[in-house]
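Structure below is structure.cif: mmCIF, C-alpha atoms.
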```cif
data_entry
loop_
_atom_site.label_atom_id
_atom_site.label_comp_id
_atom_site.auth_asym_id
_atom_site.auth_seq_id
_atom_site.Cartn_x
_atom_site.Cartn_y
_atom_site.Cartn_z
CA MET A 60 47.17 36.04 21.18
CA ALA A 61 49.37 36.36 18.16
CA THR A 62 50.68 39.85 18.38
CA GLU A 63 54.40 39.48 18.70
CA THR A 64 56.43 39.79 15.57
CA THR A 65 58.76 36.89 14.95
CA GLY A 66 60.57 38.10 11.90
CA ALA A 67 58.52 35.81 9.65
CA VAL A 68 56.28 37.20 6.94
CA SER A 69 53.37 37.21 9.34
CA SER A 70 52.91 37.83 13.02
CA CYS A 71 50.53 34.90 13.13
CA VAL A 72 52.87 32.21 11.83
CA GLY A 73 55.93 31.11 13.76
CA PRO A 74 59.35 30.65 12.16
CA ASP A 75 58.72 26.89 11.97
CA GLY A 76 55.63 27.48 9.84
CA SER A 77 53.14 26.57 12.53
CA ALA A 78 50.42 28.84 13.76
CA ILE A 79 50.85 31.13 16.73
CA GLY A 80 47.58 31.15 18.58
CA MET A 81 44.42 30.81 16.57
CA PRO A 82 44.79 31.68 12.91
CA GLN A 83 41.15 32.70 13.09
CA LEU A 84 42.12 35.68 15.22
CA CYS A 85 44.92 36.95 13.00
CA PHE A 86 43.65 40.40 12.23
CA GLU A 87 46.21 41.16 9.54
CA TRP A 88 44.51 38.58 7.31
CA PHE A 89 41.04 40.00 7.78
CA PRO A 90 41.02 42.51 4.90
CA ASN A 91 42.17 39.84 2.50
CA GLN A 92 39.62 37.30 3.77
CA ILE A 93 36.77 39.77 3.72
CA PHE A 94 37.65 40.98 0.26
CA TRP A 95 37.70 37.51 -1.29
CA LEU A 96 34.63 36.39 0.64
CA VAL A 97 32.59 39.37 -0.49
CA LEU A 98 33.78 38.87 -4.05
CA THR A 99 32.80 35.18 -3.93
CA LEU A 100 29.40 35.96 -2.46
CA VAL A 101 28.71 38.63 -5.06
CA VAL A 102 29.71 36.28 -7.86
CA ILE A 103 27.56 33.46 -6.50
CA PHE A 104 24.65 35.82 -5.91
CA LEU A 105 24.79 37.32 -9.38
CA VAL A 106 25.06 33.93 -11.06
CA LEU A 107 22.24 32.50 -8.99
CA SER A 108 19.84 35.42 -9.22
CA ARG A 109 20.47 36.04 -12.93
CA ILE A 110 20.74 32.51 -14.28
CA ALA A 111 20.26 29.58 -11.95
CA LEU A 112 17.28 30.49 -9.79
CA PRO A 113 15.03 31.85 -12.59
CA ARG A 114 15.89 28.78 -14.63
CA ILE A 115 15.06 26.35 -11.84
CA ALA A 116 11.88 28.27 -11.06
CA ALA A 117 10.89 28.09 -14.74
CA VAL A 118 11.61 24.37 -14.89
CA LEU A 119 9.60 23.72 -11.74
CA ALA A 120 6.71 25.84 -13.00
CA GLU A 121 6.79 24.09 -16.34
CA ARG A 122 6.84 20.73 -14.66
CA SER A 123 3.95 21.54 -12.36
CA GLY A 124 2.07 22.85 -15.40
CA THR A 125 2.78 19.65 -17.28
CA ILE A 126 1.70 17.59 -14.31
CA THR A 127 -1.51 19.60 -13.94
CA ASN A 128 -2.28 19.16 -17.62
CA ASP A 129 -1.51 15.48 -17.47
CA ILE A 130 -3.74 15.04 -14.46
CA ALA A 131 -6.54 16.92 -16.22
CA ALA A 132 -6.09 14.74 -19.30
CA ALA A 133 -6.06 11.63 -17.15
CA GLU A 134 -9.27 12.82 -15.45
CA MET A 135 -10.89 13.32 -18.85
CA LEU A 136 -9.81 9.92 -20.06
CA LYS A 137 -11.06 8.38 -16.86
CA ASN A 138 -14.46 10.00 -17.38
CA LYS A 139 -14.50 8.72 -20.93
CA ALA A 140 -13.63 5.27 -19.75
CA GLY A 141 -16.44 5.49 -17.21
CA GLU A 142 -18.88 6.50 -19.92
CA ALA A 143 -17.71 3.68 -22.13
CA GLU A 144 -18.16 1.27 -19.28
CA ASP A 145 -21.70 2.54 -18.68
CA ALA A 146 -22.50 2.15 -22.36
CA TYR A 147 -21.07 -1.32 -22.34
CA ASN A 148 -23.08 -2.27 -19.28
CA LYS A 149 -26.24 -0.86 -20.85
CA ALA A 150 -25.61 -2.78 -24.06
CA LEU A 151 -24.99 -5.89 -22.03
CA ALA A 152 -28.25 -5.44 -20.10
CA ASP A 153 -30.17 -4.80 -23.34
CA ALA A 154 -28.70 -7.88 -24.95
CA ARG A 155 -29.56 -9.92 -21.92
CA ALA A 156 -33.16 -8.68 -21.90
CA GLU A 157 -33.49 -9.42 -25.60
CA ALA A 158 -32.09 -12.87 -25.09
CA GLN A 159 -34.60 -13.39 -22.32
CA ASN A 160 -37.42 -12.30 -24.64
CA ILE A 161 -36.21 -14.59 -27.39
CA VAL A 162 -35.96 -17.49 -24.98
CA ALA A 163 -39.45 -16.81 -23.65
CA GLY A 164 -40.86 -16.54 -27.18
CA ALA A 165 -39.19 -19.74 -28.23
CA LYS A 166 -40.46 -21.48 -25.14
CA ALA A 167 -44.05 -20.32 -25.81
CA GLU A 168 -43.83 -21.43 -29.43
CA ILE A 169 -42.50 -24.81 -28.48
CA GLN A 170 -45.23 -25.14 -25.84
CA ALA A 171 -47.88 -24.34 -28.41
CA ASP A 172 -46.44 -26.85 -30.86
CA LEU A 173 -46.21 -29.37 -28.11
CA ASP A 174 -49.82 -28.76 -27.03
CA VAL A 175 -51.04 -29.22 -30.59
CA ALA A 176 -48.98 -32.37 -30.98
CA ILE A 177 -50.21 -33.73 -27.66
CA ALA A 178 -53.85 -33.02 -28.56
CA LYS A 179 -53.38 -34.69 -31.90
CA ALA A 180 -51.70 -37.65 -30.32
CA ASP A 181 -54.46 -37.89 -27.71
CA ALA A 182 -57.13 -37.83 -30.42
CA GLU A 183 -55.29 -40.47 -32.38
CA ILE A 184 -54.84 -42.60 -29.30
CA SER A 185 -58.53 -42.36 -28.38
CA ALA A 186 -59.55 -43.18 -31.95
CA LYS A 187 -57.22 -46.18 -31.97
CA ALA A 188 -58.54 -47.25 -28.56
CA ALA A 189 -62.16 -47.05 -29.75
CA GLU A 190 -61.28 -49.06 -32.79
CA SER A 191 -59.53 -51.65 -30.71
CA GLU A 192 -62.47 -51.83 -28.32
CA LYS A 193 -64.78 -52.39 -31.20
CA ALA A 194 -62.54 -55.12 -32.54
CA ILE A 195 -62.36 -56.73 -29.13
CA ALA A 196 -66.15 -56.60 -28.80
CA GLU A 197 -66.52 -58.22 -32.19
CA ILE A 198 -64.06 -60.92 -31.29
CA ARG A 199 -65.80 -61.49 -28.00
CA ALA A 200 -69.21 -61.73 -29.72
CA GLY A 201 -67.73 -64.15 -32.24
CA ALA A 202 -66.25 -66.23 -29.44
CA MET A 203 -69.61 -66.34 -27.59
CA ALA A 204 -71.38 -67.59 -30.70
CA SER A 205 -68.75 -70.26 -31.24
CA VAL A 206 -68.97 -71.41 -27.63
CA GLU A 207 -72.79 -71.70 -27.91
CA GLU A 208 -72.50 -73.71 -31.05
CA VAL A 209 -69.86 -75.99 -29.60
CA ALA A 210 -71.93 -76.42 -26.44
CA LYS A 211 -75.04 -77.32 -28.48
CA ASP A 212 -73.12 -79.81 -30.57
CA THR A 213 -71.42 -81.29 -27.56
CA ALA A 214 -74.66 -81.48 -25.59
CA ALA A 215 -76.47 -83.20 -28.53
CA GLU A 216 -73.57 -85.68 -28.90
CA ILE A 217 -73.51 -86.43 -25.16
CA VAL A 218 -77.27 -86.94 -25.10
CA SER A 219 -77.13 -89.29 -28.08
CA ALA A 220 -74.18 -91.14 -26.58
CA LEU A 221 -76.11 -91.68 -23.38
CA GLY A 222 -78.86 -93.24 -25.46
CA GLY A 223 -81.25 -90.41 -25.15
CA LYS A 224 -82.90 -88.55 -27.85
CA ALA A 225 -83.24 -84.84 -27.93
CA THR A 226 -84.29 -82.50 -30.59
CA ALA A 227 -81.93 -79.71 -31.66
CA LYS A 228 -84.49 -77.24 -30.41
CA ASP A 229 -84.52 -78.61 -26.89
CA VAL A 230 -80.75 -78.74 -26.70
CA GLY A 231 -80.49 -75.20 -28.01
CA ALA A 232 -82.96 -73.94 -25.38
CA ALA A 233 -81.17 -75.78 -22.60
CA VAL A 234 -77.75 -74.43 -23.60
CA ALA A 235 -79.09 -70.94 -23.92
CA ALA A 236 -80.63 -71.20 -20.45
CA ARG A 237 -77.33 -72.46 -19.01
CA MET A 238 -75.29 -69.80 -20.64
CA LYS A 239 -77.56 -67.11 -19.38
CA GLY A 240 -77.38 -68.40 -15.83
CA MET B 1250 49.57 25.83 18.92
CA ALA B 1251 52.34 23.28 18.77
CA GLU B 1252 52.14 20.96 21.72
CA GLU B 1253 54.80 18.41 22.54
CA LYS B 1254 53.48 15.17 23.97
CA GLY B 1255 55.91 12.31 24.27
CA GLY B 1256 57.39 12.84 20.84
CA LEU B 1257 54.04 13.42 19.26
CA VAL B 1258 53.71 16.77 17.55
CA PHE B 1259 50.29 18.28 17.17
CA HIS B 1260 49.59 21.21 14.95
CA PRO B 1261 45.82 21.13 14.84
CA MET B 1262 45.51 24.80 14.00
CA ASP B 1263 48.03 24.89 11.17
CA GLN B 1264 45.37 23.88 8.70
CA PHE B 1265 43.70 27.23 9.22
CA ILE B 1266 46.78 29.30 8.31
CA ILE B 1267 46.29 31.53 5.33
CA LYS B 1268 49.17 31.40 2.87
CA PRO B 1269 49.77 33.23 -0.36
CA LEU B 1270 49.21 30.85 -3.25
CA PHE B 1271 51.99 32.35 -5.33
CA GLY B 1272 55.24 33.50 -3.75
CA ASP B 1273 55.95 34.17 -0.11
CA GLY B 1274 55.19 37.81 0.43
CA PRO B 1275 52.99 39.36 3.08
CA ILE B 1276 49.25 39.03 2.70
CA GLY B 1277 47.77 42.22 1.40
CA MET B 1278 44.12 42.83 0.68
CA PHE B 1279 44.16 41.42 -2.83
CA THR B 1280 46.76 38.67 -2.40
CA ILE B 1281 45.58 35.40 -3.86
CA THR B 1282 45.71 32.93 -0.99
CA ASN B 1283 44.73 29.36 -0.28
CA MET B 1284 41.43 30.73 0.98
CA THR B 1285 40.88 32.47 -2.34
CA LEU B 1286 41.39 29.13 -4.05
CA TRP B 1287 38.81 27.32 -1.92
CA LEU B 1288 36.31 30.15 -2.12
CA ALA B 1289 36.71 30.05 -5.87
CA LEU B 1290 36.27 26.27 -5.87
CA ALA B 1291 33.08 26.71 -3.88
CA ALA B 1292 31.82 29.24 -6.43
CA VAL B 1293 32.80 26.92 -9.29
CA CYS B 1294 30.99 23.99 -7.68
CA VAL B 1295 27.90 26.13 -7.10
CA ILE B 1296 27.93 27.21 -10.72
CA GLY B 1297 28.61 23.65 -11.84
CA LEU B 1298 25.64 22.28 -9.97
CA LEU B 1299 23.11 25.07 -10.30
CA VAL B 1300 23.96 26.48 -13.73
CA ILE B 1301 25.62 23.71 -15.73
CA GLY B 1302 23.65 21.01 -13.93
CA THR B 1303 20.37 22.61 -14.88
CA SER B 1304 21.38 23.72 -18.39
CA ARG B 1305 19.24 21.07 -20.07
CA ARG B 1306 16.09 22.46 -18.42
CA ALA B 1307 14.67 18.97 -18.55
CA VAL B 1308 11.11 18.41 -17.44
CA ILE B 1309 12.29 15.01 -16.26
CA PRO B 1310 15.47 16.03 -14.40
CA GLY B 1311 18.81 14.29 -14.47
CA ARG B 1312 20.89 13.74 -11.34
CA ALA B 1313 22.51 17.17 -11.08
CA GLN B 1314 19.27 18.93 -11.91
CA SER B 1315 17.41 16.85 -9.32
CA ILE B 1316 19.87 17.90 -6.63
CA ALA B 1317 19.70 21.54 -7.72
CA GLU B 1318 15.91 21.45 -7.68
CA MET B 1319 15.87 19.71 -4.33
CA MET B 1320 18.09 22.41 -2.80
CA TYR B 1321 15.99 25.12 -4.38
CA GLY B 1322 12.80 23.56 -3.09
CA PHE B 1323 14.29 22.97 0.36
CA VAL B 1324 15.40 26.56 0.87
CA TYR B 1325 12.35 28.02 -0.87
CA LYS B 1326 10.02 26.09 1.40
CA MET B 1327 12.07 27.08 4.44
CA VAL B 1328 11.88 30.79 3.53
CA GLU B 1329 8.18 30.52 2.77
CA ASP B 1330 7.35 28.60 5.94
CA VAL B 1331 9.36 30.79 8.31
CA THR B 1332 9.02 34.29 6.88
CA GLY B 1333 5.73 33.98 5.02
CA LYS B 1334 4.86 35.11 1.51
CA ASP B 1335 6.45 38.56 1.85
CA GLY B 1336 9.82 37.03 2.65
CA ILE B 1337 10.00 35.25 -0.70
CA LYS B 1338 11.66 38.20 -2.42
CA TYR B 1339 14.70 37.76 -0.18
CA PHE B 1340 14.96 34.13 -1.24
CA PRO B 1341 17.93 34.65 -3.63
CA TYR B 1342 20.00 36.20 -0.83
CA ILE B 1343 19.18 33.45 1.61
CA PHE B 1344 19.79 30.80 -1.01
CA THR B 1345 23.19 32.36 -1.74
CA LEU B 1346 24.12 32.14 1.93
CA PHE B 1347 22.92 28.57 2.20
CA ILE B 1348 24.63 27.28 -0.90
CA PHE B 1349 27.87 29.08 -0.12
CA ILE B 1350 28.08 27.73 3.42
CA LEU B 1351 27.06 24.25 2.33
CA PHE B 1352 29.67 24.05 -0.41
CA SER B 1353 32.41 25.63 1.71
CA ASN B 1354 31.69 23.15 4.49
CA PHE B 1355 31.67 20.13 2.21
CA LEU B 1356 34.71 21.18 0.21
CA ALA B 1357 36.55 21.67 3.50
CA LEU B 1358 36.04 17.97 4.19
CA ILE B 1359 38.39 17.06 1.36
CA PRO B 1360 41.71 16.13 2.96
CA MET B 1361 44.39 18.84 2.70
CA SER B 1362 41.72 21.40 1.86
CA PHE B 1363 41.10 24.73 3.53
CA SER B 1364 37.88 25.60 5.32
CA PRO B 1365 36.84 29.24 4.85
CA THR B 1366 33.82 28.80 7.13
CA SER B 1367 36.14 27.99 10.04
CA HIS B 1368 37.31 31.58 10.02
CA ILE B 1369 35.61 34.16 12.19
CA ALA B 1370 36.37 36.78 9.57
CA VAL B 1371 34.22 34.88 7.09
CA THR B 1372 31.33 33.93 9.34
CA ALA B 1373 31.31 37.33 11.00
CA VAL B 1374 30.87 39.00 7.62
CA LEU B 1375 27.98 36.62 6.96
CA GLY B 1376 26.46 36.95 10.42
CA PHE B 1377 26.81 40.71 10.77
CA GLY B 1378 25.79 41.15 7.17
CA VAL B 1379 22.54 39.34 7.95
CA PHE B 1380 22.18 41.38 11.14
CA PHE B 1381 22.57 44.79 9.49
CA VAL B 1382 20.47 43.95 6.46
CA VAL B 1383 17.69 42.48 8.57
CA THR B 1384 17.71 45.45 10.94
CA ALA B 1385 17.59 47.83 7.98
CA ILE B 1386 14.69 45.89 6.45
CA GLY B 1387 12.92 46.01 9.80
CA PHE B 1388 13.13 49.80 10.04
CA ILE B 1389 12.33 50.36 6.37
CA LYS B 1390 9.27 48.09 6.44
CA ASN B 1391 7.90 49.01 9.85
CA GLY B 1392 9.49 52.36 10.72
CA VAL B 1393 9.61 52.95 14.44
CA GLY B 1394 7.13 50.11 14.81
CA PHE B 1395 10.08 47.77 14.44
CA LEU B 1396 11.01 48.65 18.02
CA GLY B 1397 7.82 46.83 19.00
CA LEU B 1398 9.94 43.73 18.63
CA PHE B 1399 11.52 44.63 21.96
CA TRP B 1400 8.29 45.65 23.68
CA VAL B 1401 6.55 42.43 24.68
CA SER B 1402 2.96 43.63 24.69
CA SER B 1403 1.63 40.32 25.99
CA ALA B 1404 3.65 40.57 29.23
CA PRO B 1405 2.47 42.48 32.33
CA LEU B 1406 3.29 46.18 32.11
CA ALA B 1407 5.72 46.11 35.04
CA LEU B 1408 7.78 43.41 33.39
CA ARG B 1409 7.98 45.02 29.99
CA PRO B 1410 11.00 47.30 30.57
CA VAL B 1411 12.98 44.38 31.97
CA LEU B 1412 11.93 42.18 29.08
CA ALA B 1413 12.77 44.96 26.65
CA LEU B 1414 16.29 45.13 28.06
CA ILE B 1415 16.69 41.36 27.72
CA GLU B 1416 15.26 41.45 24.20
CA VAL B 1417 17.66 44.22 23.17
CA ILE B 1418 20.66 42.35 24.57
CA SER B 1419 19.58 39.14 22.89
CA TYR B 1420 19.03 41.01 19.64
CA PHE B 1421 22.57 42.35 19.65
CA VAL B 1422 24.05 39.01 20.63
CA ARG B 1423 22.39 37.38 17.63
CA PRO B 1424 25.06 38.18 15.03
CA VAL B 1425 27.80 37.09 17.41
CA SER B 1426 26.22 33.73 18.16
CA HIS B 1427 25.16 33.42 14.54
CA SER B 1428 28.71 33.70 13.26
CA ILE B 1429 30.58 31.97 16.09
CA ARG B 1430 28.26 28.97 15.96
CA LEU B 1431 29.27 28.23 12.39
CA ALA B 1432 32.98 29.00 12.73
CA GLY B 1433 33.24 27.21 16.06
CA ASN B 1434 31.59 24.04 14.80
CA VAL B 1435 33.69 23.81 11.67
CA MET B 1436 36.93 24.77 13.37
CA ALA B 1437 36.46 22.41 16.32
CA GLY B 1438 35.62 19.51 14.06
CA HIS B 1439 38.63 20.01 11.86
CA ALA B 1440 40.95 20.54 14.80
CA VAL B 1441 39.72 17.34 16.45
CA LEU B 1442 40.26 15.47 13.19
CA LYS B 1443 43.84 16.72 13.13
CA VAL B 1444 44.44 15.72 16.75
CA PHE B 1445 43.11 12.21 16.13
CA ALA B 1446 45.21 11.99 13.00
CA GLY B 1447 48.27 13.08 15.04
CA PHE B 1448 47.85 10.05 17.31
CA ALA B 1449 48.15 7.77 14.30
CA ALA B 1450 51.93 8.22 14.55
CA LEU B 1451 51.92 5.93 17.60
CA THR B 1452 51.68 2.33 16.40
CA ALA B 1453 49.88 1.18 19.54
CA VAL B 1454 46.96 3.57 19.22
CA ALA B 1455 47.00 3.96 15.45
CA PRO B 1456 43.96 1.69 14.79
CA LEU B 1457 41.97 3.51 17.43
CA SER B 1458 43.08 6.83 16.05
CA ILE B 1459 42.06 5.89 12.51
CA LEU B 1460 38.72 4.69 13.81
CA GLY B 1461 38.36 8.00 15.61
CA VAL B 1462 39.21 9.95 12.47
CA VAL B 1463 36.57 8.00 10.52
CA ALA B 1464 33.97 8.55 13.21
CA ILE B 1465 34.70 12.27 13.56
CA TYR B 1466 34.73 12.60 9.79
CA GLY B 1467 31.26 11.10 9.63
CA LEU B 1468 30.15 13.51 12.33
CA GLU B 1469 31.69 16.41 10.39
CA VAL B 1470 29.71 15.47 7.29
CA LEU B 1471 26.56 15.84 9.36
CA VAL B 1472 27.79 19.04 10.98
CA SER B 1473 28.59 20.55 7.58
CA ALA B 1474 25.04 20.14 6.36
CA ILE B 1475 23.40 20.92 9.68
CA GLN B 1476 25.37 24.13 10.25
CA ALA B 1477 24.48 25.36 6.77
CA TYR B 1478 20.85 24.58 7.56
CA VAL B 1479 20.99 26.20 11.00
CA PHE B 1480 22.60 29.36 9.64
CA THR B 1481 19.95 29.61 6.94
CA ILE B 1482 16.96 28.97 9.12
CA LEU B 1483 18.18 31.45 11.74
CA THR B 1484 18.55 34.01 8.97
CA CYS B 1485 14.93 33.28 8.04
CA VAL B 1486 13.84 33.65 11.66
CA TYR B 1487 15.61 37.01 11.98
CA LEU B 1488 14.07 38.11 8.72
CA LYS B 1489 10.65 37.10 9.98
CA ASP B 1490 11.21 39.26 13.07
CA ALA B 1491 12.07 42.19 10.81
CA LEU B 1492 9.01 41.68 8.60
CA HIS B 1493 6.57 40.97 11.41
CA PRO B 1494 8.00 42.52 14.58
CA SER B 1495 4.84 42.12 16.67
CA HIS B 1496 4.97 39.27 19.12
#
```

Please lay out the structure from this file as structure tokens.
Amino acid sequence: MATETTGAVSSCVGPDGSAIGMPQLCFEWFPNQIFWLVLTLVVIFLVLSRIALPRIAAVLAERSGTITNDIAAAEMLKNKAGEAEDAYNKALADARAEAQNIVAGAKAEIQADLDVAIAKADAEISAKAAESEKAIAEIRAGAMASVEEVAKDTAAEIVSALGGKATAKDVGAAVAARMKG
Amino acid sequence: MAEEKGGLVFHPMDQFIIKPLFGDGPIGMFTITNMTLWLALAAVCVIGLLVIGTSRRAVIPGRAQSIAEMMYGFVYKMVEDVTGKDGIKYFPYIFTLFIFILFSNFLALIPMSFSPTSHIAVTAVLGFGVFFVVTAIGFIKNGVGFLGLFWVSSAPLALRPVLALIEVISYFVRPVSHSIRLAGNVMAGHAVLKVFAGFAALTAVAPLSILGVVAIYGLEVLVSAIQAYVFTILTCVYLKDALHPSH
């Protein structure tokens, strides 16, 4: 260990300026080291405990308070948003139901109109059909009469052409009998 | 510890020599030395980070304030987790230890700097300081009940005196290991750095030596932080023993 005195300013440092043994074990430096260490520690402790640590604690507390408040506000806003969404959904459902009602009403109205129109059209069609039938019957009756007449005339002509003689009455009876058969 | 090795000269321990900053006289108690300078730098850096860095008190922190808050939170959580709620009031003391050791260790990594935490005188003051304060707290808080720390009530009765002896020995070894662990780690790291750097004088091994210096330096960065952490958490553990001595 460094105990021998070498004539230098310290027993721990050789004349060439290099350490003798471990400088850590040079006891003559201890008072100086301990004094400055304790002074440094006291200074650091006083500065920290008086200024730095309370300040950091305050900042952290303030921040956590801010964060808590912000989270609470966010929660509130979220609830509000949820309520708004519910209201929106309800309004949407109402509107949809109303639209459904309107559609149904419109459909019923149209159906009624349609039914009326169809009935009217049917009536018109049947009236027209009856009229037409009547007209056809008339035409047919007219045609029958014409045919009879033509047949009588033709029969009388044929009889006379063949040299026979027949009264109009006989021819008429014969034609009528033929046409009936 | 000058060793001659084939022309190479190693003075790995010279970096730990304490010199007066002004003049050449002997080192008295109040002489301003290189260690005073680096202790003061540590204090200035602590103040710079934790006081000036947080002076804006911003709710959204800047860089310095973030680091300060992170350190605060880290140590606060450590104290709270290890010692419990009643240890919180000792937080400023523990934080002082932590921040001082951390800054001393990191400042010592600057080339040509001086490392106060490599000196037994420094770490012994810290370690024994913790030891005496914690022991005092133990007796003040628990009275004679503090001695229950040495009486392992969960062990069989026959074993308890033996265990008590072991516990007492281990209790008194605590400050020694506490302080030597820190000083030894820092000193060894710095000495190894110097030895590797000494080899750089040989051209043949210089690249290897530089690589070694870089690697050891990286390791020392880790060691600096880890040793500050270890010292602090052990302080918390000892404090916990003083506050709650029952096993």

Closest-contact table, chain B side, partner chain A, 7 Å, counting all atoms listed in the file, as a Markdown table:
```
| residue | atom | partner | partner_atom | distance |
| --- | --- | --- | --- | --- |
| B:Met1250 | CA | A:Gly80 | CA | 5.7 |
| B:His1260 | CA | A:Ser77 | CA | 6.9 |
| B:Met1262 | CA | A:Ala78 | CA | 6.4 |
| B:Asp1263 | CA | A:Ala78 | CA | 5.3 |
| B:Phe1265 | CA | A:Pro82 | CA | 5.9 |
| B:Ile1266 | CA | A:Pro82 | CA | 5.5 |
| B:Gly1274 | CA | A:Val68 | CA | 6.6 |
| B:Pro1275 | CA | A:Val68 | CA | 5.5 |
| B:Ile1276 | CA | A:Trp88 | CA | 6.6 |
| B:Gly1277 | CA | A:Asn91 | CA | 6.2 |
| B:Met1278 | CA | A:Asn91 | CA | 4.0 |
| B:Phe1279 | CA | A:Asn91 | CA | 5.9 |
| B:Thr1280 | CA | A:Asn91 | CA | 6.8 |
| B:Thr1285 | CA | A:Trp95 | CA | 6.1 |
| B:Leu1288 | CA | A:Thr99 | CA | 6.4 |
| B:Ala1289 | CA | A:Thr99 | CA | 6.7 |
| B:Ala1292 | CA | A:Ile103 | CA | 6.0 |
| B:Leu1299 | CA | A:Ala111 | CA | 5.6 |
| B:Val1300 | CA | A:Ala111 | CA | 5.1 |
| B:Arg1306 | CA | A:Val118 | CA | 6.0 |
| B:Val1308 | CA | A:Arg122 | CA | 5.6 |
| B:Glu1318 | CA | A:Ile115 | CA | 6.5 |
| B:Pro1341 | CA | A:Ser108 | CA | 6.0 |
| B:Tyr1342 | CA | A:Phe104 | CA | 6.9 |
| B:Thr1345 | CA | A:Phe104 | CA | 5.6 |
| B:His1368 | CA | A:Gln83 | CA | 5.0 |
| B:Ile1369 | CA | A:Gln83 | CA | 5.8 |
| B:Ala1370 | CA | A:Phe89 | CA | 5.9 |
| B:Val1371 | CA | A:Ile93 | CA | 6.5 |
```

Produce a table with one row for each residue of segment 1302-1407 of chain B that has an atom at most 10 Å from any atom of segment 1470-1486 of chain B, each row naming the nearest atom pair and its distance in Å at one decimal; use all atoms listed in the file; arrange rows by chain and rising residue number; format as a tab-separated table.
```
residue	atom	partner	partner_atom	distance
B:Phe1323	CA	B:Tyr1478	CA	9.9
B:Val1324	CA	B:Thr1481	CA	8.2
B:Met1327	CA	B:Ile1482	CA	7.0
B:Val1328	CA	B:Cys1485	CA	6.0
B:Glu1329	CA	B:Cys1485	CA	9.0
B:Asp1330	CA	B:Cys1485	CA	9.2
B:Val1331	CA	B:Cys1485	CA	6.1
B:Thr1332	CA	B:Cys1485	CA	6.1
B:Gly1333	CA	B:Cys1485	CA	9.7
B:Gly1336	CA	B:Cys1485	CA	8.3
B:Tyr1339	CA	B:Cys1485	CA	9.4
B:Phe1340	CA	B:Cys1485	CA	9.3
B:Ile1343	CA	B:Thr1481	CA	6.6
B:Phe1344	CA	B:Thr1481	CA	8.0
B:Thr1345	CA	B:Thr1481	CA	9.7
B:Leu1346	CA	B:Thr1481	CA	7.0
B:Phe1347	CA	B:Thr1481	CA	5.7
B:Ile1348	CA	B:Ala1477	CA	7.9
B:Phe1349	CA	B:Ala1477	CA	8.5
B:Ile1350	CA	B:Ala1477	CA	5.5
B:Leu1351	CA	B:Ala1477	CA	5.3
B:Phe1352	CA	B:Ser1473	CA	8.8
B:Ser1353	CA	B:Ser1473	CA	8.7
B:Asn1354	CA	B:Ser1473	CA	5.1
B:Phe1355	CA	B:Ser1473	CA	6.2
B:Leu1356	CA	B:Ser1473	CA	9.6
B:Ala1357	CA	B:Ser1473	CA	9.0
B:Leu1358	CA	B:Val1470	CA	7.5
B:Thr1366	CA	B:Ser1473	CA	9.8
B:Thr1372	CA	B:Phe1480	CA	9.9
B:Leu1375	CA	B:Phe1480	CA	9.4
B:Gly1376	CA	B:Phe1480	CA	8.6
B:Val1379	CA	B:Thr1484	CA	6.7
B:Phe1380	CA	B:Thr1484	CA	8.5
B:Val1383	CA	B:Thr1484	CA	8.5
```

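Rounded to one decimal, atom CA of Thr1282 of chain B and atom CA of Ile1267 of chain B lie 6.5 Å from each other.
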
Pick from A:Glu168, A:Asp181, A:Asp212, A:Glu197, whichever lies nearest to Val230 of chain A using only C-alpha atoms: A:Asp212

If I take atom CA of Met238 of chain A and atom CA of Glu192 of chain A, how far is one from the other in Å, to one decimal?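 One can read the atom CA of Met238 of chain A to atom CA of Glu192 of chain A distance as 23.4 Å.
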
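Computed from the coordinates, the atom CA of Ala215 of chain A to atom CA of Ala196 of chain A distance equals 28.5 Å.
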
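Taken over the shown file, the PyMOL selection byres ((chain B and resi 1317) around 8) identifies Ile115 of chain A; Leu1298, Leu1299, Gly1302, Thr1303, Ala1313, Gln1314, Ser1315, Ile1316, Glu1318, Met1319, Met1320 and Tyr1321 of chain B.
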
Select, from B:Met1284, B:Val1462, B:Val1258, B:Ala1446, the residue with the minimum atom-to-atom distance to Ser1364 of chain B, counting only C-alpha atoms. B:Met1284

To verify the selection step, state as a PyMOL selection string which residues the PyMOL selection byres ((chain B and resi 1458) around 8) yields on this input. chain B and resi 1445-1446+1448-1449+1454-1457+1459-1462

With C-alpha atoms retained, could you export that selection as a PDB file, in the coordinates of the input?
```
ATOM      1  CA  PHE B1445      43.110  12.210  16.130  1.00  0.00           C
ATOM      2  CA  ALA B1446      45.210  11.990  13.000  1.00  0.00           C
ATOM      3  CA  PHE B1448      47.850  10.050  17.310  1.00  0.00           C
ATOM      4  CA  ALA B1449      48.150   7.770  14.300  1.00  0.00           C
ATOM      5  CA  VAL B1454      46.960   3.570  19.220  1.00  0.00           C
ATOM      6  CA  ALA B1455      47.000   3.960  15.450  1.00  0.00           C
ATOM      7  CA  PRO B1456      43.960   1.690  14.790  1.00  0.00           C
ATOM      8  CA  LEU B1457      41.970   3.510  17.430  1.00  0.00           C
ATOM      9  CA  ILE B1459      42.060   5.890  12.510  1.00  0.00           C
ATOM     10  CA  LEU B1460      38.720   4.690  13.810  1.00  0.00           C
ATOM     11  CA  GLY B1461      38.360   8.000  15.610  1.00  0.00           C
ATOM     12  CA  VAL B1462      39.210   9.950  12.470  1.00  0.00           C
TER      13      VAL B1462
END
```

Ground truth for the PyMOL selection byres ((chain B and resi 1431-1437) around 6), written as number ranges by chain: B: 1366-1369, 1428-1430, 1438-1440
